[in-house]
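What follows is protein-v5.cif (mmCIF, C-alpha atoms).
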data_query
#
loop_
_atom_site.label_atom_id
_atom_site.label_comp_id
_atom_site.auth_asym_id
_atom_site.auth_seq_id
_atom_site.Cartn_x
_atom_site.Cartn_y
_atom_site.Cartn_z
CA MET A 1 130.67 96.57 150.70
CA SER A 2 129.66 96.47 147.07
CA ILE A 3 127.13 98.79 145.55
CA LYS A 4 124.99 97.47 142.73
CA THR A 5 124.44 99.95 139.96
CA ARG A 6 122.77 99.63 136.61
CA THR A 7 123.62 101.27 133.35
CA PHE A 8 121.55 101.13 130.22
CA ASP A 9 122.76 100.97 126.65
CA TYR A 10 120.73 103.19 124.34
CA LYS A 11 120.71 103.55 120.59
CA ARG A 12 119.53 106.52 118.56
CA VAL A 13 116.52 105.57 116.44
CA TYR A 14 114.87 107.61 113.68
CA VAL A 15 111.19 107.54 114.68
CA TRP A 16 109.28 110.55 113.35
CA GLU A 17 109.67 111.17 109.63
CA ILE A 18 109.63 114.68 108.17
CA PRO A 19 105.97 114.44 107.01
CA VAL A 20 104.88 113.47 110.55
CA ARG A 21 106.82 116.36 112.08
CA PHE A 22 105.48 118.72 109.42
CA PHE A 23 101.91 117.62 110.22
CA HIS A 24 102.51 118.06 113.95
CA TRP A 25 103.72 121.65 113.79
CA VAL A 26 101.20 122.75 111.16
CA ASN A 27 98.55 121.20 113.41
CA VAL A 28 99.84 123.10 116.44
CA LEU A 29 99.83 126.42 114.57
CA SER A 30 96.45 125.79 112.95
CA LEU A 31 94.72 124.79 116.18
CA THR A 32 96.17 127.81 117.98
CA ILE A 33 94.87 130.21 115.33
CA LEU A 34 91.51 128.42 115.10
CA THR A 35 91.04 128.52 118.88
CA ILE A 36 91.86 132.23 119.19
CA THR A 37 89.76 133.32 116.20
CA GLY A 38 86.97 130.91 117.22
CA PHE A 39 86.63 132.50 120.65
CA LEU A 40 86.69 135.97 119.07
CA ILE A 41 83.84 134.92 116.76
CA ALA A 42 81.88 133.41 119.66
CA TYR A 43 82.54 136.36 121.98
CA PRO A 44 83.24 139.47 119.85
CA PRO A 45 85.10 142.13 121.84
CA ALA A 46 83.41 145.48 122.40
CA LEU A 47 85.84 147.98 120.90
CA VAL A 48 85.49 151.75 121.02
CA LEU A 49 87.15 153.13 117.89
CA SER A 50 86.93 156.46 116.13
CA ASP A 51 86.33 155.08 112.64
CA GLU A 52 83.06 153.67 111.31
CA ALA A 53 82.58 149.95 111.80
CA SER A 54 81.89 149.56 108.06
CA ASN A 55 85.40 150.84 107.33
CA LEU A 56 87.14 148.57 109.81
CA PHE A 57 85.77 145.11 108.95
CA LEU A 58 87.64 143.74 111.98
CA MET A 59 85.45 140.69 112.61
CA GLY A 60 85.36 140.03 108.89
CA TYR A 61 89.14 139.61 108.93
CA VAL A 62 88.86 137.39 112.00
CA ARG A 63 86.31 135.17 110.26
CA MET A 64 88.40 135.08 107.08
CA THR A 65 91.48 134.02 109.08
CA HIS A 66 89.41 131.34 110.81
CA PHE A 67 88.09 129.92 107.53
CA ILE A 68 91.43 129.96 105.68
CA THR A 69 93.15 128.27 108.62
CA ALA A 70 90.32 125.73 108.80
CA PHE A 71 90.96 124.62 105.22
CA VAL A 72 94.70 124.36 105.89
CA PHE A 73 93.83 122.27 108.95
CA ILE A 74 91.55 119.97 106.90
CA LEU A 75 94.20 119.36 104.23
CA ASN A 76 96.82 118.73 106.91
CA LEU A 77 94.63 116.19 108.70
CA LEU A 78 93.83 114.36 105.45
CA PHE A 79 97.55 114.30 104.64
CA ARG A 80 98.29 112.69 108.02
CA TRP A 81 95.76 109.94 107.37
CA TYR A 82 97.35 109.33 103.99
CA TRP A 83 100.78 109.09 105.63
CA ALA A 84 99.38 106.62 108.18
CA PHE A 85 99.22 104.09 105.32
CA VAL A 86 102.45 104.91 103.46
CA GLY A 87 104.81 106.07 106.23
CA ASN A 88 107.14 104.05 108.42
CA GLU A 89 106.03 101.67 111.18
CA PHE A 90 105.84 104.45 113.77
CA ALA A 91 103.51 106.58 111.61
CA SER A 92 101.29 103.61 110.75
CA VAL A 93 97.61 103.51 111.57
CA LYS A 94 98.40 100.27 113.47
CA ASN A 95 99.94 102.43 116.21
CA LEU A 96 96.54 104.02 116.84
CA ILE A 97 94.59 100.87 117.70
CA PRO A 98 95.37 97.81 119.90
CA TYR A 99 95.26 95.21 117.13
CA ASN A 100 97.05 92.36 118.96
CA LYS A 101 97.69 90.90 122.42
CA ASN A 102 100.99 92.75 122.93
CA ARG A 103 99.32 96.10 122.28
CA TRP A 104 96.66 95.29 124.90
CA LYS A 105 99.38 94.30 127.38
CA ASN A 106 101.10 97.59 126.67
CA LEU A 107 97.82 99.42 127.31
CA ILE A 108 97.53 97.81 130.77
CA TYR A 109 101.20 98.51 131.50
CA VAL A 110 100.97 102.20 130.54
CA PHE A 111 97.72 102.60 132.46
CA LYS A 112 99.32 101.20 135.64
CA VAL A 113 102.71 102.92 135.41
CA ASP A 114 101.89 106.24 133.70
CA ILE A 115 98.35 106.96 134.87
CA LEU A 116 98.11 105.21 138.25
CA LEU A 117 101.85 105.80 138.90
CA MET A 118 102.29 102.21 140.12
CA LYS A 119 105.82 100.80 140.16
CA ASP A 120 106.31 97.97 137.70
CA LYS A 121 107.64 94.94 139.63
CA GLU A 122 110.02 93.84 136.90
CA GLU A 123 110.70 97.30 135.50
CA ASN A 124 109.86 95.91 132.09
CA PHE A 125 111.51 98.42 129.80
CA ASN A 126 110.45 96.34 126.81
CA ASN A 127 106.94 97.64 127.45
CA ILE A 128 108.09 101.17 126.63
CA SER A 129 106.98 101.81 123.08
CA ILE A 130 109.36 103.38 120.62
CA GLY A 131 106.67 105.39 118.91
CA HIS A 132 103.22 105.77 120.45
CA ASN A 133 102.27 103.54 123.33
CA THR A 134 98.78 102.02 123.16
CA VAL A 135 97.14 104.59 125.44
CA ALA A 136 98.62 107.46 123.41
CA GLY A 137 97.61 105.79 120.15
CA LEU A 138 94.02 105.31 121.27
CA SER A 139 93.82 108.88 122.55
CA TYR A 140 95.11 110.25 119.24
CA PHE A 141 92.65 108.06 117.35
CA GLY A 142 89.79 109.40 119.48
CA LEU A 143 91.06 112.94 119.03
CA MET A 144 91.11 112.57 115.25
CA ILE A 145 87.49 111.39 115.28
CA LEU A 146 86.54 114.48 117.30
CA LEU A 147 88.52 116.69 114.93
CA PHE A 148 86.57 115.31 111.97
CA ILE A 149 83.33 116.07 113.86
CA GLN A 150 84.73 119.56 114.43
CA ILE A 151 85.33 119.89 110.69
CA PHE A 152 81.82 118.70 109.81
CA THR A 153 80.13 121.04 112.30
CA GLY A 154 82.36 123.96 111.28
CA LEU A 155 81.55 123.53 107.59
CA ALA A 156 77.85 123.18 108.44
CA LEU A 157 77.99 126.55 110.25
CA TYR A 158 79.87 128.08 107.31
CA ALA A 159 77.50 126.73 104.62
CA PRO A 160 74.64 129.32 104.98
CA THR A 161 77.03 132.24 104.28
CA SER A 162 79.11 130.54 101.58
CA SER A 163 78.43 130.14 97.87
CA TRP A 164 81.23 127.60 97.45
CA PHE A 165 80.08 124.03 96.75
CA PHE A 166 82.33 122.39 99.35
CA PRO A 167 80.69 123.82 102.52
CA GLN A 168 77.28 123.17 100.92
CA MET A 169 78.10 119.45 101.01
CA PHE A 170 77.80 119.60 104.81
CA LYS A 171 74.43 121.36 105.11
CA TRP A 172 72.88 118.01 106.13
CA VAL A 173 74.74 118.14 109.45
CA THR A 174 72.47 120.88 110.87
CA PRO A 175 69.11 119.09 110.37
CA LEU A 176 70.75 115.83 111.51
CA LEU A 177 71.73 117.39 114.86
CA GLY A 178 68.46 119.32 115.20
CA SER A 179 69.39 122.98 114.94
CA GLU A 180 72.23 125.39 114.29
CA SER A 181 72.52 126.15 118.01
CA VAL A 182 73.23 122.47 118.73
CA VAL A 183 75.85 122.38 115.95
CA ARG A 184 77.47 125.50 117.38
CA TYR A 185 77.43 124.04 120.90
CA ILE A 186 79.14 120.80 119.77
CA HIS A 187 81.70 122.81 117.77
CA HIS A 188 82.43 124.94 120.84
CA LEU A 189 82.54 121.94 123.22
CA ILE A 190 85.11 120.08 121.12
CA THR A 191 87.28 123.21 121.13
CA TRP A 192 87.48 123.02 124.93
CA PHE A 193 88.25 119.30 124.73
CA VAL A 194 91.15 120.02 122.36
CA ILE A 195 92.49 122.67 124.76
CA VAL A 196 92.41 120.24 127.71
CA PHE A 197 93.93 117.47 125.56
CA SER A 198 96.76 119.78 124.45
CA VAL A 199 97.63 120.70 128.04
CA LEU A 200 97.70 117.03 129.09
CA HIS A 201 99.70 116.13 125.99
CA MET A 202 102.41 118.69 126.78
CA TYR A 203 102.54 117.58 130.41
CA LEU A 204 102.99 113.90 129.47
CA VAL A 205 105.67 114.71 126.88
CA PHE A 206 107.75 116.57 129.46
CA PHE A 207 106.96 113.93 132.11
CA HIS A 208 108.25 111.09 129.91
CA ASP A 209 111.26 113.14 128.91
CA TYR A 210 112.13 113.71 132.57
CA VAL A 211 111.48 110.13 133.74
CA GLU A 212 112.82 108.17 130.76
CA GLY A 213 115.32 110.64 129.28
CA ARG A 214 114.73 109.38 125.76
CA GLY A 215 114.47 112.73 123.98
CA GLU A 216 110.68 112.80 123.89
CA SER A 217 110.50 116.60 123.60
CA SER A 218 113.17 117.02 120.94
CA SER A 219 112.04 114.01 118.88
CA MET A 220 109.35 116.06 117.13
CA ILE A 221 112.09 118.43 115.97
CA SER A 222 114.94 116.04 115.17
CA GLY A 223 112.88 112.90 114.53
CA PHE A 224 115.15 110.81 116.77
CA LYS A 225 114.55 109.06 120.09
CA PHE A 226 116.94 107.16 122.37
CA VAL A 227 115.76 103.58 122.76
CA LEU A 228 116.98 100.97 125.22
CA LYS A 229 119.30 98.60 123.39
CA GLN A 230 119.96 96.11 126.15
CA ARG A 231 120.18 96.00 129.92
CA VAL A 232 123.71 95.91 131.32
CA LYS A 233 124.31 94.99 134.96
CA GLU A 234 127.40 96.01 136.84
CA LYS A 235 128.58 94.90 140.26
#
Is it possible to express this structure as structure tokens?
Amino acid sequence: MSIKTRTFDYKRVYVWEIPVRFFHWVNVLSLTILTITGFLIAYPPALVLSDEASNLFLMGYVRMTHFITAFVFILNLLFRWYWAFVGNEFASVKNLIPYNKNRWKNLIYVFKVDILLMKDKEENFNNISIGHNTVAGLSYFGLMILLFIQIFTGLALYAPTSSWFFPQMFKWVTPLLGSESVVRYIHHLITWFVIVFSVLHMYLVFFHDYVEGRGESSSMISGFKFVLKQRVKEK
């Protein structure tokens, strides 16, 4: 009795360049700080302290941390868009949108196999993207649009208390959306979306790492992934 087994030949491919990895981890740190300080600003804790509130300036430091981190976040996001046009093929803006028939086929494949958990009849490993698959690319593209809306609404909320010209450039956002309360609501709502997105993102990274074993988790540290070179059949 013969047992058919399959082995796969992988090669180590440099996917994520240093600027992409730098953006990723600065983004993680920035969003973590912005989320924590943002919730503290929205829901200030009631603290019983012996000193006068005017001597503590606790919420002032929280707001200052939020604003400084926000500007780091803005510069980091702009840098990533710049690198989307000058980086390698995996960092390219083309990975964020389905610009050809193959990308649309990949979108359908990923939707069936990853989201609906359907078994692919031919186990088409060629459909596994080296960088971002089409679903991931579209989700990141949508996320970046929301993050820019988050920036616009945040600067609009900051403008009334700032004398700096840059936040003043976004004062038009408040009358456009109707009122400051609406701007604040949208800013807060996107924060929750980012939290949910981050949880799903981490789950899918570990899921793909477990199922495919291609170094998905470590690739954002080392820059390398293991990619199927060719299929080898053994009897």
Expansion of the PyMOL selection byres ((chain A and resi 39-43) around 9) into residues, as a PyMOL selection string: chain A and resi 34-38+44-45+59+62-63+66+188
From the options A:Ser162, A:Ala46, A:Trp16, A:Val113, which residue's atoms come nearest to Val211 in chain A, counting only C-alpha atoms?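 Once distances to Val211 in chain A are computed over only C-alpha atoms, the minimum belongs to A:Val113.
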On this structure, the PyMOL selection byres ((chain A and resi 83) around 10) would catch which residues? List them as a PyMOL selection string, sorted by chain and number. chain A and resi 17+19-20+23+77-82+84-88+91-93
12 Å contact set for Met144 in chain A, only C-alpha atoms, chain neighbours under 2 positions out, as a list in words: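 My reading of the contact set: Asn27, Phe73, Ile74, Asn76, Leu77, Leu78, Arg80, Trp81, Val93, Leu96, Gly137, Leu138, Ser139, Tyr140, Phe141, Gly142, Leu146, Leu147, Phe148, Ile149, Gln150, Ile151, Ile190, Phe193, Val194 and Phe197 of chain A.
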For the atom pair CA of Val72 in chain A and CA of Ile18 in chain A, what is the interatomic distance in Å to one decimal place? 17.9 Å
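Distance check against Val28 in chain A using only C-alpha atoms: of A:Glu216, A:Lys225, A:Pro160, A:His201, the minimum falls on A:His201.
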Given all atoms listed in the file as the counted atoms, nearest of A:Leu177, A:Ala70, A:Val15, A:Leu58 to Glu89 in chain A: A:Val15
Since I can't run it myself right now, could you work out what the PyMOL selection byres ((chain A and resi 183) around 12) selects here and report it as a PyMOL selection string? chain A and resi 149-158+170-182+184-190
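When all atoms listed in the file are used to measure the gap to Phe67 in chain A, the shortest distance among A:Asn95, A:Thr161, A:Tyr109, A:Ile130 belongs to A:Thr161.
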